[in-house]
Amino acid sequence: MKINKNILFLMGMTLSALAAPGQQPYHVTGRMPGVPDGTKVYLLDYFGEKKKDRLDSAVTKDGSFVLQGKKTWGMVRRCNILVDCEPGNLIKSKQVGLFMGDETVTISAPHIDSVPAYYYTRGGNIKYVAITGAAEQARYEAFKAESQQQLDRAEELRLQYNKEFHVPAAEGVFNTAQGMAMMRELRALRAKINARKIDFIRQYPQSTIAALLAYELMVSARSRYTIKEIDDIMGSLNIPRPAGAQIIKKLDAAAADAKATAKGVRFIDLPLTDQRGKPVQLSQYVKPGQYTLLEFWSSHCGPCRNQIPHMRHLSELVSQKDFSIISISIDEKDAEWKKALREEKMPWTQLLDKKGSEGPTVTLYKIEGIPHSVLVDPQGYIVESRINGAELDVVLKELLGEKITTF
């Protein structure tokens, strides 16, 4: 049978057309009325930290911009589109995050003011931004929508807790029962949200979304997972390398940090200084047979000092046979540390890492910000970290049960 060459040609053209979307570089059209002409727009890798990590740039005209790739990525990236409204001033910048591959994407908002600010508390909201043409972004939005009710309730609880427990506690008023009730619900919500992330990772191990969710789990681990559990989460992923090198590099580093203070890991000993200026080891003060809270702080940290009234209150309510506190300051100036000690009158062990943010305390405990806490069990193993206020009350009550009769 003779085959018509024209038919073969047309079939080839059709197959090429079907394959084209995955073979053409990205093309992004943005429409944001109200943005001044000539405003610079950058396409950034979510995990990029330097100017060299900028993937592309464009300039706005008539409220629009176009970003056109020069070559295919062959993968989906987590990207940020940064609208640099006032060069050198990130407070004025707008930013949209999305998952995007070699696709034709449209991003639109009713006005530039409705676009999320670089610092999200500065206005705008992603709900006003429409993103079409990005398949993984659509999947991510569907995933978020399934958890939205829980996320909204968690935010509601956070605000309520701040108003009804945290602010009064900083002033010496302790609404313990209300605070603990809110924290129990908030912890349960967090557990459900995190379980959904793990389910997604296992269902879509090659997805860039899965890599981002794993990263979120690692950086917020709070000693929630054992080393084995961390390995299980990481082992579920199958992200292509080196195509995903940027995200994988960050994820691997976050997992390593999480393992350093994972649940069940022995507390890390530190060379420190006591109030007399004498060199000591942290291990001299972590006593067997009791739970110990390692509280990392500095005299210049407002949130740290706001936590002190609650810790002082807790130290009075829970027997020292069962629970003790060790405060470890990262003040670099001895005089400022001692001045804060006189002002705060904390009746528990006070130690200092004179090397501050460059010292072993921050490095070994992977501290990203203070206040930071680590709870150690009677055998010297880490139970949980980054807990304070009524959440610390909840955890101690779970651990000590009837040994605590005051709440």
# chains A, B, ... in the order shown; residues from 1 in each chain; ligands from 1
call {"tool": "select_by_dssp", "arguments": {"residues": "segment 191-360 of chain A", "states": "helix (DSSP H, G or I)", "output": "ChimeraX atom specification"}}
result
/A:191-203,208-219,227-236,245-260,282-284,302-317,334-344,356-358,360
call {"tool": "write_last_selection", "arguments": {"atoms": "C-alpha atoms", "output": "PDB file, in the first residue's frame"}}
result
ATOM      1  CA  ALA A 191       0.019  17.507  63.186  1.00  0.00           C
ATOM      2  CA  LYS A 192      -2.804  17.048  60.650  1.00  0.00           C
ATOM      3  CA  ILE A 193      -1.306  19.591  58.250  1.00  0.00           C
ATOM      4  CA  ASN A 194       2.130  17.983  58.473  1.00  0.00           C
ATOM      5  CA  ALA A 195       0.667  14.497  57.981  1.00  0.00           C
ATOM      6  CA  ARG A 196      -0.969  15.707  54.747  1.00  0.00           C
ATOM      7  CA  LYS A 197       2.393  17.034  53.567  1.00  0.00           C
ATOM      8  CA  ILE A 198       4.010  13.656  54.200  1.00  0.00           C
ATOM      9  CA  ASP A 199       1.181  11.889  52.345  1.00  0.00           C
ATOM     10  CA  PHE A 200       1.720  14.203  49.349  1.00  0.00           C
ATOM     11  CA  ILE A 201       5.477  13.538  49.362  1.00  0.00           C
ATOM     12  CA  ARG A 202       4.880   9.801  49.262  1.00  0.00           C
ATOM     13  CA  GLN A 203       2.245  10.104  46.540  1.00  0.00           C
ATOM     14  CA  THR A 208       9.019  19.872  43.053  1.00  0.00           C
ATOM     15  CA  ILE A 209       6.054  20.527  45.335  1.00  0.00           C
ATOM     16  CA  ALA A 210       7.036  17.454  47.348  1.00  0.00           C
ATOM     17  CA  ALA A 211      10.574  18.806  47.697  1.00  0.00           C
ATOM     18  CA  LEU A 212       9.258  22.147  48.963  1.00  0.00           C
ATOM     19  CA  LEU A 213       6.908  20.449  51.434  1.00  0.00           C
ATOM     20  CA  ALA A 214       9.790  18.309  52.713  1.00  0.00           C
ATOM     21  CA  TYR A 215      11.868  21.469  53.109  1.00  0.00           C
ATOM     22  CA  GLU A 216       9.055  23.092  55.104  1.00  0.00           C
ATOM     23  CA  LEU A 217       8.863  20.027  57.353  1.00  0.00           C
ATOM     24  CA  MET A 218      12.605  20.086  57.965  1.00  0.00           C
ATOM     25  CA  VAL A 219      12.956  23.793  58.786  1.00  0.00           C
ATOM     26  CA  ILE A 227      16.489  10.683  62.784  1.00  0.00           C
ATOM     27  CA  LYS A 228      14.772   7.606  61.344  1.00  0.00           C
ATOM     28  CA  GLU A 229      11.606   9.581  60.624  1.00  0.00           C
ATOM     29  CA  ILE A 230      13.647  12.311  58.920  1.00  0.00           C
ATOM     30  CA  ASP A 231      15.386   9.676  56.799  1.00  0.00           C
ATOM     31  CA  ASP A 232      12.014   8.155  55.900  1.00  0.00           C
ATOM     32  CA  ILE A 233      10.665  11.517  54.703  1.00  0.00           C
ATOM     33  CA  MET A 234      13.809  12.295  52.728  1.00  0.00           C
ATOM     34  CA  GLY A 235      13.963   8.756  51.349  1.00  0.00           C
ATOM     35  CA  SER A 236      10.445   9.110  49.947  1.00  0.00           C
ATOM     36  CA  ALA A 245      20.301  20.896  42.489  1.00  0.00           C
ATOM     37  CA  GLN A 246      19.308  24.248  44.004  1.00  0.00           C
ATOM     38  CA  ILE A 247      16.287  22.951  45.901  1.00  0.00           C
ATOM     39  CA  ILE A 248      17.983  19.659  46.774  1.00  0.00           C
ATOM     40  CA  LYS A 249      21.010  21.475  48.203  1.00  0.00           C
ATOM     41  CA  LYS A 250      18.782  23.516  50.510  1.00  0.00           C
ATOM     42  CA  LEU A 251      16.679  20.504  51.427  1.00  0.00           C
ATOM     43  CA  ASP A 252      19.715  18.373  52.286  1.00  0.00           C
ATOM     44  CA  ALA A 253      21.101  21.157  54.496  1.00  0.00           C
ATOM     45  CA  ALA A 254      17.744  21.584  56.264  1.00  0.00           C
ATOM     46  CA  ALA A 255      17.525  17.833  56.910  1.00  0.00           C
ATOM     47  CA  ALA A 256      21.065  17.779  58.336  1.00  0.00           C
ATOM     48  CA  ASP A 257      20.160  20.658  60.676  1.00  0.00           C
ATOM     49  CA  ALA A 258      16.979  18.875  61.765  1.00  0.00           C
ATOM     50  CA  LYS A 259      18.964  15.740  62.591  1.00  0.00           C
ATOM     51  CA  ALA A 260      21.342  17.699  64.841  1.00  0.00           C
ATOM     52  CA  LEU A 282      26.769  22.723  79.924  1.00  0.00           C
ATOM     53  CA  SER A 283      26.847  19.053  80.972  1.00  0.00           C
ATOM     54  CA  GLN A 284      27.726  20.147  84.523  1.00  0.00           C
ATOM     55  CA  GLY A 302      12.566  41.729  73.239  1.00  0.00           C
ATOM     56  CA  PRO A 303      10.618  38.509  72.563  1.00  0.00           C
ATOM     57  CA  CYS A 304      13.144  36.611  74.716  1.00  0.00           C
ATOM     58  CA  ARG A 305      12.588  38.885  77.687  1.00  0.00           C
ATOM     59  CA  ASN A 306       8.823  38.743  77.196  1.00  0.00           C
ATOM     60  CA  GLN A 307       9.056  34.984  77.851  1.00  0.00           C
ATOM     61  CA  ILE A 308      10.843  35.384  81.182  1.00  0.00           C
ATOM     62  CA  PRO A 309       7.770  36.151  83.375  1.00  0.00           C
ATOM     63  CA  HIS A 310       6.154  32.894  82.231  1.00  0.00           C
ATOM     64  CA  MET A 311       9.330  30.878  82.863  1.00  0.00           C
ATOM     65  CA  ARG A 312       9.630  32.460  86.313  1.00  0.00           C
ATOM     66  CA  HIS A 313       6.004  31.521  87.000  1.00  0.00           C
ATOM     67  CA  LEU A 314       6.545  27.971  85.705  1.00  0.00           C
ATOM     68  CA  SER A 315       9.631  27.483  87.860  1.00  0.00           C
ATOM     69  CA  GLU A 316       7.462  28.226  90.894  1.00  0.00           C
ATOM     70  CA  LEU A 317       4.665  25.830  89.881  1.00  0.00           C
ATOM     71  CA  ASP A 334      29.363  40.558  79.527  1.00  0.00           C
ATOM     72  CA  ALA A 335      28.184  43.814  81.112  1.00  0.00           C
ATOM     73  CA  GLU A 336      24.932  43.889  79.111  1.00  0.00           C
ATOM     74  CA  TRP A 337      24.210  40.267  80.021  1.00  0.00           C
ATOM     75  CA  LYS A 338      24.760  40.889  83.733  1.00  0.00           C
ATOM     76  CA  LYS A 339      22.635  44.054  83.632  1.00  0.00           C
ATOM     77  CA  ALA A 340      19.743  42.042  82.169  1.00  0.00           C
ATOM     78  CA  LEU A 341      20.211  39.373  84.854  1.00  0.00           C
ATOM     79  CA  ARG A 342      19.881  42.002  87.589  1.00  0.00           C
ATOM     80  CA  GLU A 343      16.756  43.406  85.955  1.00  0.00           C
ATOM     81  CA  GLU A 344      15.030  40.080  85.289  1.00  0.00           C
ATOM     82  CA  GLY A 356      27.563  35.252  70.480  1.00  0.00           C
ATOM     83  CA  SER A 357      26.013  34.433  67.122  1.00  0.00           C
ATOM     84  CA  GLU A 358      29.373  33.052  65.929  1.00  0.00           C
ATOM     85  CA  PRO A 360      29.229  26.985  69.307  1.00  0.00           C
TER      86      PRO A 360
END
call {"tool": "residues_around", "arguments": {"residues": "Gly63 of chain A", "least_positions_apart": "4", "cutoff": "7 Å", "atoms": "only C-alpha atoms", "output": "number ranges by chain"}}
result
A: 31-37
call {"tool": "residues_around", "arguments": {"residues": "Leu55 of chain A", "least_positions_apart": "2", "cutoff": "12 Å", "atoms": "only C-alpha atoms", "output": "MDAnalysis selection string"}}
result
chainID A and resid 26 41:53 57:58 67:73 77:82
call {"tool": "write_last_selection", "arguments": {"atoms": "N, CA and C atoms", "output": "PDB file, in the first residue's frame"}}
result
ATOM      1  N   TYR A  26       9.976  28.742  28.855  1.00  0.00           N
ATOM      2  CA  TYR A  26       8.838  29.397  29.502  1.00  0.00           C
ATOM      3  C   TYR A  26       8.529  30.739  28.855  1.00  0.00           C
ATOM      4  N   VAL A  41      11.120  43.920  36.769  1.00  0.00           N
ATOM      5  CA  VAL A  41      10.519  42.679  37.264  1.00  0.00           C
ATOM      6  C   VAL A  41      11.560  41.565  37.143  1.00  0.00           C
ATOM      7  N   TYR A  42      11.753  40.798  38.215  1.00  0.00           N
ATOM      8  CA  TYR A  42      12.752  39.727  38.206  1.00  0.00           C
ATOM      9  C   TYR A  42      12.086  38.368  38.400  1.00  0.00           C
ATOM     10  N   LEU A  43      12.576  37.389  37.661  1.00  0.00           N
ATOM     11  CA  LEU A  43      12.201  35.996  37.879  1.00  0.00           C
ATOM     12  C   LEU A  43      13.325  35.358  38.684  1.00  0.00           C
ATOM     13  N   LEU A  44      12.996  34.884  39.883  1.00  0.00           N
ATOM     14  CA  LEU A  44      14.002  34.376  40.811  1.00  0.00           C
ATOM     15  C   LEU A  44      13.741  32.918  41.155  1.00  0.00           C
ATOM     16  N   ASP A  45      14.807  32.173  41.372  1.00  0.00           N
ATOM     17  CA  ASP A  45      14.664  30.847  41.952  1.00  0.00           C
ATOM     18  C   ASP A  45      14.334  31.037  43.428  1.00  0.00           C
ATOM     19  N   TYR A  46      13.324  30.331  43.931  1.00  0.00           N
ATOM     20  CA  TYR A  46      12.877  30.459  45.315  1.00  0.00           C
ATOM     21  C   TYR A  46      14.030  30.296  46.299  1.00  0.00           C
ATOM     22  N   PHE A  47      14.978  29.428  45.975  1.00  0.00           N
ATOM     23  CA  PHE A  47      16.092  29.149  46.869  1.00  0.00           C
ATOM     24  C   PHE A  47      17.341  29.944  46.508  1.00  0.00           C
ATOM     25  N   GLY A  48      17.244  30.832  45.538  1.00  0.00           N
ATOM     26  CA  GLY A  48      18.395  31.651  45.181  1.00  0.00           C
ATOM     27  C   GLY A  48      18.633  32.735  46.213  1.00  0.00           C
ATOM     28  N   GLU A  49      19.886  33.024  46.491  1.00  0.00           N
ATOM     29  CA  GLU A  49      20.216  34.005  47.513  1.00  0.00           C
ATOM     30  C   GLU A  49      21.024  35.183  46.976  1.00  0.00           C
ATOM     31  N   LYS A  50      21.486  35.087  45.729  1.00  0.00           N
ATOM     32  CA  LYS A  50      22.359  36.122  45.192  1.00  0.00           C
ATOM     33  C   LYS A  50      21.848  36.604  43.837  1.00  0.00           C
ATOM     34  N   LYS A  51      22.413  37.709  43.371  1.00  0.00           N
ATOM     35  CA  LYS A  51      21.980  38.256  42.089  1.00  0.00           C
ATOM     36  C   LYS A  51      22.176  37.269  40.951  1.00  0.00           C
ATOM     37  N   LYS A  52      23.206  36.425  41.074  1.00  0.00           N
ATOM     38  CA  LYS A  52      23.471  35.459  40.008  1.00  0.00           C
ATOM     39  C   LYS A  52      22.357  34.415  39.901  1.00  0.00           C
ATOM     40  N   ASP A  53      21.531  34.325  40.944  1.00  0.00           N
ATOM     41  CA  ASP A  53      20.446  33.361  40.933  1.00  0.00           C
ATOM     42  C   ASP A  53      19.199  33.900  40.229  1.00  0.00           C
ATOM     43  N   SER A  57      14.693  38.823  33.709  1.00  0.00           N
ATOM     44  CA  SER A  57      14.172  40.124  34.121  1.00  0.00           C
ATOM     45  C   SER A  57      13.415  40.760  32.964  1.00  0.00           C
ATOM     46  N   ALA A  58      12.551  41.714  33.309  1.00  0.00           N
ATOM     47  CA  ALA A  58      11.763  42.421  32.301  1.00  0.00           C
ATOM     48  C   ALA A  58      11.459  43.813  32.844  1.00  0.00           C
ATOM     49  N   LEU A  67       8.177  37.849  30.419  1.00  0.00           N
ATOM     50  CA  LEU A  67       9.421  37.133  30.702  1.00  0.00           C
ATOM     51  C   LEU A  67       9.506  35.965  29.722  1.00  0.00           C
ATOM     52  N   GLN A  68      10.575  35.917  28.946  1.00  0.00           N
ATOM     53  CA  GLN A  68      10.713  34.896  27.924  1.00  0.00           C
ATOM     54  C   GLN A  68      12.024  34.143  28.087  1.00  0.00           C
ATOM     55  N   GLY A  69      11.923  32.834  28.337  1.00  0.00           N
ATOM     56  CA  GLY A  69      13.125  32.036  28.499  1.00  0.00           C
ATOM     57  C   GLY A  69      13.881  31.851  27.200  1.00  0.00           C
ATOM     58  N   LYS A  70      15.194  31.691  27.304  1.00  0.00           N
ATOM     59  CA  LYS A  70      16.035  31.487  26.126  1.00  0.00           C
ATOM     60  C   LYS A  70      16.314  30.004  25.873  1.00  0.00           C
ATOM     61  N   LYS A  71      16.189  29.190  26.911  1.00  0.00           N
ATOM     62  CA  LYS A  71      16.369  27.758  26.749  1.00  0.00           C
ATOM     63  C   LYS A  71      15.481  27.025  27.752  1.00  0.00           C
ATOM     64  N   THR A  72      15.182  25.777  27.458  1.00  0.00           N
ATOM     65  CA  THR A  72      14.296  25.014  28.322  1.00  0.00           C
ATOM     66  C   THR A  72      14.986  24.629  29.625  1.00  0.00           C
ATOM     67  N   TRP A  73      14.183  24.477  30.664  1.00  0.00           N
ATOM     68  CA  TRP A  73      14.687  24.026  31.959  1.00  0.00           C
ATOM     69  C   TRP A  73      14.670  22.513  32.062  1.00  0.00           C
ATOM     70  N   ARG A  77      10.375  24.462  38.500  1.00  0.00           N
ATOM     71  CA  ARG A  77      11.045  25.199  39.574  1.00  0.00           C
ATOM     72  C   ARG A  77      10.007  25.854  40.480  1.00  0.00           C
ATOM     73  N   ARG A  78      10.405  26.100  41.695  1.00  0.00           N
ATOM     74  CA  ARG A  78       9.648  26.990  42.565  1.00  0.00           C
ATOM     75  C   ARG A  78      10.244  28.371  42.352  1.00  0.00           C
ATOM     76  N   CYS A  79       9.440  29.283  41.826  1.00  0.00           N
ATOM     77  CA  CYS A  79       9.950  30.608  41.447  1.00  0.00           C
ATOM     78  C   CYS A  79       9.258  31.718  42.226  1.00  0.00           C
ATOM     79  N   ASN A  80       9.901  32.842  42.269  1.00  0.00           N
ATOM     80  CA  ASN A  80       9.303  34.077  42.750  1.00  0.00           C
ATOM     81  C   ASN A  80       9.404  35.115  41.646  1.00  0.00           C
ATOM     82  N   ILE A  81       8.322  35.824  41.417  1.00  0.00           N
ATOM     83  CA  ILE A  81       8.350  36.959  40.499  1.00  0.00           C
ATOM     84  C   ILE A  81       8.307  38.209  41.355  1.00  0.00           C
ATOM     85  N   LEU A  82       9.399  38.948  41.340  1.00  0.00           N
ATOM     86  CA  LEU A  82       9.563  40.130  42.185  1.00  0.00           C
ATOM     87  C   LEU A  82       9.371  41.396  41.359  1.00  0.00           C
TER      88      LEU A  82
END
call {"tool": "residues_around", "arguments": {"residues": "Ala177 of chain A", "least_positions_apart": "5", "cutoff": "9 Å", "atoms": "only C-alpha atoms", "output": "ChimeraX atom specification"}}
result
/A:182,390,407
call {"tool": "residues_around", "arguments": {"residues": "Asp393 of chain A", "least_positions_apart": "4", "cutoff": "8 Å", "atoms": "only C-alpha atoms", "output": "number ranges by chain"}}
result
A: 180, 314, 388-389, 397
call {"tool": "write_last_selection", "arguments": {"atoms": "N, CA and C atoms", "output": "PDB file, in the first residue's frame"}}
result
ATOM      1  N   MET A 180      -3.448  26.802  77.427  1.00  0.00           N
ATOM      2  CA  MET A 180      -3.197  25.388  77.174  1.00  0.00           C
ATOM      3  C   MET A 180      -4.251  24.795  76.244  1.00  0.00           C
ATOM      4  N   LEU A 314       6.499  29.432  85.856  1.00  0.00           N
ATOM      5  CA  LEU A 314       6.545  27.971  85.705  1.00  0.00           C
ATOM      6  C   LEU A 314       7.518  27.346  86.700  1.00  0.00           C
ATOM      7  N   ASN A 388       7.494  27.309  73.983  1.00  0.00           N
ATOM      8  CA  ASN A 388       7.495  28.242  75.090  1.00  0.00           C
ATOM      9  C   ASN A 388       6.049  28.568  75.452  1.00  0.00           C
ATOM     10  N   GLY A 389       5.877  29.388  76.471  1.00  0.00           N
ATOM     11  CA  GLY A 389       4.534  29.785  76.874  1.00  0.00           C
ATOM     12  C   GLY A 389       3.653  28.602  77.211  1.00  0.00           C
ATOM     13  N   LYS A 397       2.918  19.002  81.086  1.00  0.00           N
ATOM     14  CA  LYS A 397       1.783  18.296  81.671  1.00  0.00           C
ATOM     15  C   LYS A 397       1.652  16.898  81.080  1.00  0.00           C
TER      16      LYS A 397
END
call {"tool": "atom_distance", "arguments": {"atom1": "atom CA of Lys40 of chain A", "atom2": "atom CA of Asp56 of chain A"}}
result
10.6 Å
call {"tool": "closest_atom_pairs", "arguments": {"of": "segment 123-175 of chain A", "to": "segment 103-109 of chain A", "cutoff": "7 Å", "atoms": "only C-alpha atoms", "output": "JSON lines"}}
result
{"residue": "A:Tyr128", "atom": "CA", "partner": "A:Ala109", "partner_atom": "CA", "distance": 6.0}
{"residue": "A:Val129", "atom": "CA", "partner": "A:Ala109", "partner_atom": "CA", "distance": 4.7}
{"residue": "A:Ala130", "atom": "CA", "partner": "A:Ser108", "partner_atom": "CA", "distance": 5.3}
{"residue": "A:Ile131", "atom": "CA", "partner": "A:Ile107", "partner_atom": "CA", "distance": 4.7}
{"residue": "A:Thr132", "atom": "CA", "partner": "A:Thr106", "partner_atom": "CA", "distance": 5.3}
{"residue": "A:Gly133", "atom": "CA", "partner": "A:Val105", "partner_atom": "CA", "distance": 4.5}
{"residue": "A:Ala134", "atom": "CA", "partner": "A:Val105", "partner_atom": "CA", "distance": 5.9}
call {"tool": "write_last_selection", "arguments": {"atoms": "C-alpha atoms", "output": "PDB file, in the first residue's frame"}}
result
ATOM      1  CA  TYR A 128      -6.265  38.279  44.323  1.00  0.00           C
ATOM      2  CA  VAL A 129      -3.695  36.926  41.863  1.00  0.00           C
ATOM      3  CA  ALA A 130      -4.801  34.610  39.040  1.00  0.00           C
ATOM      4  CA  ILE A 131      -2.179  32.206  37.659  1.00  0.00           C
ATOM      5  CA  THR A 132      -2.983  30.128  34.584  1.00  0.00           C
ATOM      6  CA  GLY A 133      -0.914  27.770  32.451  1.00  0.00           C
ATOM      7  CA  ALA A 134       1.308  26.402  35.253  1.00  0.00           C
TER       8      ALA A 134
END
call {"tool": "select_by_dssp", "arguments": {"residues": "segment 258-398 of chain A", "states": "strand (DSSP E)", "output": "PyMOL selection string"}}
result
chain A and resi 271-273+279-281+291-297+323-329+349-352+372-376+382-385
call {"tool": "residues_around", "arguments": {"residues": "Leu399 of chain A", "least_positions_apart": "6", "cutoff": "12 Å", "atoms": "only C-alpha atoms", "output": "list in words"}}
result
Gln290, Tyr291, Asp322, Phe323, Leu375, Val376, Asp377, Pro378, Val383, Glu384, Leu392 and Asp393 of chain A
call {"tool": "atom_distance", "arguments": {"atom1": "atom CA of Glu332 of chain A", "atom2": "atom CA of Lys354 of chain A"}}
result
5.1 Å
call {"tool": "closest_residue", "arguments": {"among": "A:Asp353, A:Glu391, A:Glu368, A:Glu146", "to": "Glu185 of chain A", "atoms": "only C-alpha atoms"}}
result
A:Glu391
call {"tool": "residues_around", "arguments": {"residues": "Met183 of chain A", "least_positions_apart": "2", "cutoff": "9 Å", "atoms": "only C-alpha atoms", "output": "list in words"}}
result
Leu157, Arg158, Tyr161, Gln178, Gly179, Met180, Ala181, Glu185, Leu186, Arg187, Ala188, Ala390, Glu391 and Val394 of chain A
call {"tool": "closest_residue", "arguments": {"among": "A:Arg386, A:Met100, A:Ser223, A:Val167", "to": "Ala138 of chain A", "atoms": "only C-alpha atoms"}}
result
A:Met100
